[in-house]
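Asks: Below is the file structure_21.cif, with mmCIF, C-alpha atoms.
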```cif
data_input
#
loop_
_atom_site.label_atom_id
_atom_site.label_comp_id
_atom_site.auth_asym_id
_atom_site.auth_seq_id
_atom_site.Cartn_x
_atom_site.Cartn_y
_atom_site.Cartn_z
CA MET A 11 -73.47 -74.18 152.69
CA ASP A 12 -75.69 -72.49 155.24
CA MET A 13 -78.59 -74.83 155.85
CA ASP A 14 -80.13 -72.93 158.75
CA ASN A 15 -82.92 -71.23 156.85
CA GLN A 16 -83.56 -74.22 154.64
CA THR A 17 -85.98 -76.97 155.22
CA VAL A 18 -86.09 -80.41 153.72
CA ILE A 19 -89.73 -81.26 153.56
CA ASP A 20 -90.66 -84.89 153.36
CA ARG A 21 -94.37 -84.87 153.95
CA PRO A 22 -96.93 -82.13 153.54
CA PRO A 23 -99.65 -81.60 156.08
CA LEU A 24 -102.45 -82.28 153.61
CA SER A 25 -105.33 -84.66 154.15
CA GLU A 26 -106.23 -87.29 151.57
CA ALA A 27 -109.35 -85.32 150.68
CA GLU A 28 -107.34 -82.14 150.14
CA LEU A 29 -104.85 -84.01 148.00
CA ASP A 30 -107.62 -85.53 145.91
CA ARG A 31 -109.25 -82.15 145.38
CA ALA A 32 -105.99 -80.53 144.42
CA PHE A 33 -104.94 -83.33 142.06
CA GLY A 34 -108.42 -83.43 140.59
CA ALA A 35 -108.24 -79.71 139.93
CA LEU A 36 -104.84 -80.03 138.25
CA ALA A 37 -105.95 -82.93 136.09
CA ASP A 38 -107.55 -80.51 133.64
CA PRO A 39 -105.43 -78.73 131.01
CA THR A 40 -107.44 -75.49 131.10
CA ARG A 41 -107.08 -75.26 134.85
CA ARG A 42 -103.36 -75.89 134.60
CA ALA A 43 -103.12 -73.18 131.97
CA ILE A 44 -104.97 -70.79 134.31
CA ILE A 45 -102.50 -71.64 137.06
CA ALA A 46 -99.61 -71.04 134.66
CA ARG A 47 -101.04 -67.64 133.75
CA LEU A 48 -101.47 -66.71 137.42
CA THR A 49 -97.81 -67.45 138.13
CA THR A 50 -97.08 -64.26 136.19
CA GLY A 51 -99.54 -62.13 138.19
CA ASP A 52 -103.13 -61.77 139.37
CA ALA A 53 -105.87 -61.67 136.77
CA GLY A 54 -109.60 -61.04 136.52
CA VAL A 55 -112.07 -63.46 135.03
CA LEU A 56 -112.49 -61.37 131.87
CA GLU A 57 -108.81 -61.39 131.17
CA LEU A 58 -108.67 -65.14 131.73
CA THR A 59 -111.69 -65.68 129.51
CA ALA A 60 -109.99 -63.76 126.71
CA ARG A 61 -107.13 -66.27 126.72
CA PHE A 62 -109.21 -69.38 126.21
CA PRO A 63 -111.77 -70.43 123.62
CA MET A 64 -114.41 -70.67 126.32
CA THR A 65 -117.32 -68.74 127.72
CA GLN A 66 -117.03 -66.77 130.91
CA PRO A 67 -119.32 -69.13 132.84
CA ALA A 68 -117.10 -72.04 131.80
CA ILE A 69 -114.01 -70.21 133.03
CA SER A 70 -115.81 -69.25 136.26
CA LYS A 71 -116.57 -72.90 136.84
CA HIS A 72 -112.90 -73.78 136.47
CA LEU A 73 -111.97 -70.99 138.88
CA LYS A 74 -114.43 -72.32 141.42
CA VAL A 75 -112.78 -75.76 141.24
CA LEU A 76 -109.33 -74.23 141.68
CA GLU A 77 -110.55 -72.13 144.58
CA SER A 78 -112.15 -75.03 146.44
CA ALA A 79 -108.94 -76.98 145.93
CA GLY A 80 -107.06 -74.18 147.70
CA LEU A 81 -104.92 -73.50 144.63
CA ILE A 82 -106.18 -69.96 144.07
CA SER A 83 -108.08 -67.34 146.02
CA ARG A 84 -110.25 -64.49 144.85
CA ARG A 85 -110.61 -60.98 146.14
CA ARG A 86 -112.57 -57.90 145.20
CA GLU A 87 -110.72 -54.87 143.97
CA ALA A 88 -112.92 -51.94 142.93
CA GLN A 89 -115.31 -53.46 140.38
CA ARG A 90 -113.09 -56.43 139.62
CA ARG A 91 -112.74 -59.81 141.17
CA LEU A 92 -109.09 -60.78 140.98
CA CYS A 93 -107.75 -64.31 141.10
CA GLN A 94 -104.44 -64.98 142.71
CA LEU A 95 -102.33 -68.05 143.09
CA GLU A 96 -102.01 -69.72 146.49
CA PRO A 97 -98.46 -70.96 145.96
CA GLN A 98 -98.36 -72.66 149.32
CA ARG A 99 -100.86 -75.28 148.25
CA LEU A 100 -99.01 -75.96 145.03
CA GLY A 101 -95.86 -76.16 147.09
CA GLN A 102 -97.38 -78.74 149.40
CA LEU A 103 -98.48 -80.70 146.38
CA SER A 104 -95.23 -80.49 144.52
CA VAL A 105 -93.20 -81.58 147.46
CA TRP A 106 -95.64 -84.36 148.15
CA VAL A 107 -95.48 -85.46 144.55
CA GLY A 108 -91.74 -85.61 144.79
CA SER A 109 -91.49 -85.66 141.04
CA TYR A 110 -88.37 -83.53 141.06
CA ARG A 111 -86.82 -86.17 143.25
CA GLU A 112 -88.08 -88.94 141.00
CA PHE A 113 -86.72 -87.21 137.92
CA TRP A 114 -83.24 -86.77 139.33
CA GLU A 115 -83.18 -90.09 141.12
CA ALA A 116 -84.05 -91.84 137.88
CA SER A 117 -81.63 -89.79 135.79
CA LEU A 118 -78.72 -90.20 138.19
CA ALA A 119 -79.37 -93.93 138.53
CA ARG A 120 -79.09 -94.13 134.76
CA LEU A 121 -75.95 -92.01 134.95
CA ASP A 122 -74.43 -94.53 137.40
CA GLY A 123 -75.23 -97.36 135.01
CA TYR A 124 -73.88 -95.45 132.05
CA LEU A 125 -70.62 -94.78 133.90
CA GLU A 126 -70.23 -98.52 134.42
CA THR A 127 -70.76 -99.08 130.71
CA LEU A 128 -68.12 -96.49 129.92
CA ALA A 129 -65.71 -98.11 132.39
CA ASP A 130 -66.33 -101.56 130.85
CA LYS A 131 -65.70 -100.19 127.39
CA GLY A 132 -62.52 -98.53 128.60
CA ALA A 133 -61.35 -101.77 130.24
CA GLY A 134 -62.18 -103.85 127.20
CA ALA A 135 -60.40 -101.59 124.75
CA MET B 2 -72.36 -84.87 153.27
CA THR B 3 -70.66 -87.02 150.69
CA SER B 4 -73.42 -89.56 150.55
CA SER B 5 -74.21 -91.09 147.20
CA ARG B 6 -77.87 -90.70 148.09
CA LEU B 7 -79.74 -87.90 146.38
CA GLN B 8 -80.38 -85.07 148.80
CA ILE B 9 -82.97 -82.44 147.98
CA THR B 10 -83.35 -79.11 149.70
CA VAL B 11 -86.38 -76.90 149.37
CA PRO B 12 -86.00 -73.54 151.10
CA VAL B 13 -89.34 -72.34 152.39
CA ASP B 14 -88.63 -68.67 151.78
CA ALA B 15 -86.70 -68.58 148.50
CA PRO B 16 -87.74 -69.78 145.03
CA VAL B 17 -84.98 -72.34 144.94
CA ILE B 18 -84.64 -76.11 144.71
CA GLU B 19 -81.33 -77.82 145.22
CA PHE B 20 -80.07 -81.32 144.93
CA GLN B 21 -76.74 -82.91 145.63
CA ARG B 22 -75.37 -86.32 144.88
CA VAL B 23 -72.00 -88.01 144.54
CA VAL B 24 -71.20 -89.94 141.38
CA ALA B 25 -68.24 -92.17 140.53
CA ALA B 26 -66.52 -90.03 137.93
CA SER B 27 -64.09 -87.14 137.80
CA PRO B 28 -65.42 -83.56 137.63
CA THR B 29 -64.07 -83.33 134.09
CA LEU B 30 -66.06 -86.37 133.00
CA VAL B 31 -69.20 -85.16 134.82
CA PHE B 32 -68.95 -81.83 133.04
CA GLU B 33 -68.69 -83.75 129.78
CA LEU B 34 -71.65 -85.99 130.70
CA TRP B 35 -73.73 -82.86 131.29
CA THR B 36 -72.87 -81.04 128.09
CA ASN B 37 -72.18 -83.62 125.37
CA PRO B 38 -75.29 -84.90 123.52
CA GLU B 39 -73.68 -88.31 122.96
CA HIS B 40 -73.49 -88.76 126.73
CA LEU B 41 -76.70 -86.95 127.68
CA ARG B 42 -78.92 -89.15 125.56
CA ASN B 43 -77.76 -92.12 127.63
CA TRP B 44 -78.84 -90.88 131.02
CA TRP B 45 -80.96 -87.71 131.09
CA GLY B 46 -84.56 -88.36 132.09
CA PRO B 47 -86.54 -91.29 133.48
CA LYS B 48 -85.50 -94.66 132.13
CA ASP B 49 -88.51 -95.40 129.94
CA TYR B 50 -88.28 -92.07 128.18
CA GLU B 51 -86.73 -91.90 124.77
CA MET B 52 -84.55 -88.95 123.89
CA VAL B 53 -85.94 -87.59 120.64
CA SER B 54 -83.44 -84.82 120.03
CA ILE B 55 -80.66 -82.92 121.74
CA ASP B 56 -79.23 -79.76 120.23
CA ILE B 57 -76.37 -78.10 122.03
CA ASP B 58 -74.37 -75.03 121.13
CA LEU B 59 -71.82 -75.21 123.91
CA ARG B 60 -70.54 -71.68 124.43
CA VAL B 61 -71.50 -68.87 126.77
CA GLY B 62 -74.63 -67.40 125.21
CA GLY B 63 -75.23 -70.58 123.20
CA THR B 64 -78.49 -72.45 123.51
CA TYR B 65 -79.58 -76.02 124.05
CA ARG B 66 -82.83 -77.88 123.56
CA TYR B 67 -83.82 -81.39 124.66
CA VAL B 68 -86.94 -83.24 123.62
CA HIS B 69 -87.84 -86.55 125.13
CA ARG B 70 -90.79 -88.85 124.70
CA ALA B 71 -92.73 -90.63 127.42
CA PRO B 72 -93.89 -94.24 127.01
CA ASP B 73 -97.40 -92.89 126.31
CA GLY B 74 -96.05 -90.97 123.31
CA LEU B 75 -96.20 -87.47 124.80
CA GLU B 76 -93.14 -85.35 124.18
CA TYR B 77 -91.63 -82.91 126.65
CA ALA B 78 -89.23 -80.20 125.57
CA PHE B 79 -86.81 -78.07 127.54
CA HIS B 80 -84.50 -75.36 126.33
CA GLY B 81 -82.18 -72.73 127.70
CA THR B 82 -79.00 -70.70 127.34
CA TYR B 83 -75.54 -71.38 128.71
CA ARG B 84 -74.39 -68.58 131.00
CA GLU B 85 -71.17 -69.91 132.51
CA LEU B 86 -68.97 -72.72 131.30
CA ASP B 87 -66.18 -72.98 133.79
CA LEU B 88 -64.60 -76.34 133.04
CA PRO B 89 -64.62 -78.58 134.98
CA GLY B 90 -66.10 -77.21 138.21
CA ARG B 91 -68.98 -74.95 137.34
CA LEU B 92 -71.81 -74.79 134.85
CA VAL B 93 -74.69 -72.29 134.74
CA TYR B 94 -77.58 -72.33 132.30
CA THR B 95 -81.20 -71.28 132.12
CA THR B 96 -84.01 -73.81 131.78
CA VAL B 97 -87.45 -73.29 130.31
CA TYR B 98 -89.93 -76.14 130.31
CA GLU B 99 -91.85 -75.51 127.12
CA GLY B 100 -95.13 -76.54 128.74
CA ALA B 101 -94.84 -73.45 130.95
CA PRO B 102 -92.85 -71.10 128.72
CA ASP B 103 -93.36 -68.00 130.87
CA SER B 104 -91.14 -69.36 133.63
CA GLU B 105 -87.39 -69.52 133.32
CA ALA B 106 -85.14 -71.04 135.96
CA VAL B 107 -81.41 -70.50 136.37
CA ASP B 108 -79.57 -73.73 137.12
CA SER B 109 -76.14 -73.43 138.73
CA LEU B 110 -74.13 -76.63 138.97
CA THR B 111 -70.87 -77.25 140.75
CA PHE B 112 -68.77 -80.38 140.35
CA ASP B 113 -66.33 -80.89 143.21
CA GLU B 114 -63.92 -83.79 143.56
CA VAL B 115 -64.55 -85.88 146.66
CA GLY B 116 -62.73 -89.11 147.40
CA GLY B 117 -62.29 -90.23 143.82
CA GLY B 118 -65.78 -89.17 142.79
CA THR B 119 -67.61 -85.92 142.21
CA LEU B 120 -70.09 -84.14 144.40
CA ILE B 121 -72.69 -82.66 142.06
CA ARG B 122 -74.62 -79.73 143.45
CA CYS B 123 -77.42 -78.25 141.40
CA ARG B 124 -79.23 -75.13 142.50
CA SER B 125 -82.29 -74.09 140.47
CA GLU B 126 -83.45 -70.57 141.05
CA HIS B 127 -86.93 -69.69 139.83
CA SER B 128 -88.41 -66.23 139.29
CA SER B 129 -90.88 -66.61 142.15
CA LEU B 130 -92.10 -69.13 144.71
CA ALA B 131 -95.15 -69.66 142.55
CA ALA B 132 -93.01 -70.35 139.50
CA ARG B 133 -90.99 -72.88 141.45
CA GLU B 134 -94.07 -74.72 142.66
CA MET B 135 -95.44 -74.64 139.15
CA TYR B 136 -92.27 -76.07 137.71
CA VAL B 137 -92.15 -78.92 140.12
CA ALA B 138 -95.87 -79.64 140.11
CA GLU B 139 -96.25 -79.20 136.38
CA GLY B 140 -93.00 -79.65 134.53
CA MET B 141 -92.43 -82.98 136.13
CA GLU B 142 -95.99 -84.08 136.44
CA ARG B 143 -95.25 -87.56 135.18
CA GLY B 144 -94.24 -88.25 138.79
CA LEU B 145 -97.85 -87.59 139.64
CA THR B 146 -98.99 -90.21 137.17
CA GLU B 147 -96.77 -92.74 138.88
CA SER B 148 -97.96 -91.78 142.34
CA ARG B 149 -101.72 -91.67 141.90
CA THR B 150 -104.25 -94.16 140.72
CA PRO B 151 -105.06 -93.78 137.03
CA ASP B 152 -108.65 -92.61 137.54
CA THR B 153 -107.49 -89.72 139.72
CA VAL B 154 -105.20 -88.38 137.06
CA ALA B 155 -107.25 -89.18 133.99
CA GLY B 156 -106.70 -86.42 131.47
CA CYS B 157 -103.36 -85.32 132.84
CA ASP B 158 -101.47 -84.04 129.86
CA VAL B 159 -98.77 -81.50 130.47
CA GLY B 160 -98.17 -81.25 126.76
CA LEU B 161 -101.39 -79.26 126.48
CA LEU B 162 -100.42 -76.65 129.00
CA ALA B 163 -99.05 -74.11 126.55
#
```
Any chance you could give the structure as structure tokens?
Replies:
Amino acid sequence: MDMDNQTVIDRPPLSEAELDRAFGALADPTRRAIIARLTTGDAGVLELTARFPMTQPAISKHLKVLESAGLISRRREAQRRLCQLEPQRLGQLSVWVGSYREFWEASLARLDGYLETLADKGAGA
Amino acid sequence: MTSSRLQITVPVDAPVIEFQRVVAASPTLVFELWTNPEHLRNWWGPKDYEMVSIDIDLRVGGTYRYVHRAPDGLEYAFHGTYRELDLPGRLVYTTVYEGAPDSEAVDSLTFDEVGGGTLIRCRSEHSSLAAREMYVAEGMERGLTESRTPDTVAGCDVGLLA
């Protein structure tokens, strides 16, 4: 395997305050749903509002939280203000969280234990 | 290289996550462990999670679906389609976490015999960098719950994402 262009990241360069803001922003289901929508492409506030049973000011408030957490950015395009994902921040978070690692570490530890059970059964039979 | 420690690789410029790990079983058995519900229910997922259901139609083009339940009662479901079943060395399937159903990953696994065990390599390819970050940050958010103090993550509930 060519590992040259690959990087194993152990620690993200995020401050505690940045982490808290980002985790705080993601702790809300509507904001996570907005993020999920933005993974498929940029969207304006009207389009986002149409997807949720919420008023536009409520959605705008959520967008402001996401923006100050560095998870999205907004730009003007003609008359519209488009929201786009800032995948780098999510990337820093996800790597920091290490939940992928935790998932597979936990699963494969169970797999090791299960293999021992299978071996014991085989030996006992 | 053939360490039994889990090694994770996150390319910075491709929407891919990889892990590799050696386990003490033959490639044939590992393939079986990965595709037989009777085995899967005994190891897939964190240890306090209960496997609620596993449905597997093991053929190229066949589908699978796993549902497991966290200690707090929330259920998480994953499904996908088998693309390659190349016993015992190679297995390719798609994975959709149902909390973020717009994103589908393609998981390619290889099982290679090394010194009496098997080197498992799993490469998950997502549709975009953003989708990858989403999957890791969101689909496995329970890791977050374990890592942060409860008040910081109050209200975290991936089940509501869809």
Asks: Assuming the chain letters and numbering stay as they are in my file, what does the PyMOL selection byres ((chain B and resi 116) around 12) actually select? List them as a VMD selection string.
Replies: chain B and resid 3 to 5 23 to 28 113 to 115 117 to 120
Asks: Where does the PyMOL selection byres ((chain A and resi 120) around 9) land in this file, that is, which residues does it pick, as a ChimeraX atom specification?
Replies: /A:115-119,121-125 /B:43-48
Asks: Counting all atoms listed in the file, what is within 8 Å of His69 (chain B), bar same-chain residues fewer than 3 positions away, as a list of chain:residue names?
Replies: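 Listed by chain and then number, they are B:Gly46, B:Tyr50, B:Glu51, B:Met52, B:Val53, B:Ser54, B:Glu76, B:Tyr77, B:Ala78.
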Asks: Would you mind telling me which residue in B:Ile9, B:Val93, B:Val61, B:Leu110 lies nearest to chain A when using all atoms listed in the file?
Replies: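 Among the listed residues, B:Ile9 lies closest to chain A.
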Asks: For the file shown, what are the residues hit by the PyMOL selection byres ((chain A and resi 40) around 9), laid out as a list in words?
Replies: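 Against this file, the PyMOL selection byres ((chain A and resi 40) around 9) returns the residues Leu36, Asp38, Pro39, Arg41, Arg42, Ala43, Ile44, Ile45, Phe62, Ile69 and His72 of chain A; Leu161 and Leu162 of chain B.
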Asks: Tell me which of A:Ala27, A:Leu76, A:Ala129, A:Ala37 sits closest to chain B, counting only C-alpha atoms.
Replies: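 Looking only at the distances to chain B, the closest residue turns out to be A:Ala37.
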Asks: Which one is closest to Arg133 (chain B): B:Val31, B:Glu19, B:Pro89, B:Asp49? Count only C-alpha atoms.
Replies: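 Checking each candidate against Arg133 (chain B), we get B:Glu19 as the closest.
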Asks: Go through A:Gln89, A:Ala46, A:Glu28, A:Pro63 one by one, measure the shortest atom-to-atom distance of each to chain B using all atoms listed in the file, and give the residue with the smallest value.
Replies: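 Nearest to chain B: A:Ala46.
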Asks: Enumerate, as a PyMOL selection string, the protein, DNA and RNA residues whose atoms approach (-103.8, -76.3, 146.5) to within 8 Å, taking into account all atoms listed in the file and the coordinate frame of the file.
Replies: chain A and resi 28-29+32+76+79-82+96-103
Asks: For CA of Phe33 (chain A) and CA of Gln8 (chain B), determine how far apart the two atoms are, in Å to one decimal place.
Replies: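 Interatomic distance here is 25.5 Å.
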Asks: Can you tell me which residues surround Leu92 (chain B) at a distance of at most 10 Å, considering all atoms listed in the file, apart from same-chain residues fewer than 4 positions away, and format the answer as an NGL selection string?
Replies: :B and (32 or 35-36 or 83-88 or 108-112 or 123)
Asks: Using only C-alpha atoms, pick whichever of B:Ser125, B:Thr95, B:Thr64, B:Thr82 has the shortest atom-to-atom distance to chain A.
Replies: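 Among the listed residues, the smallest separation from chain A belongs to B:Ser125.
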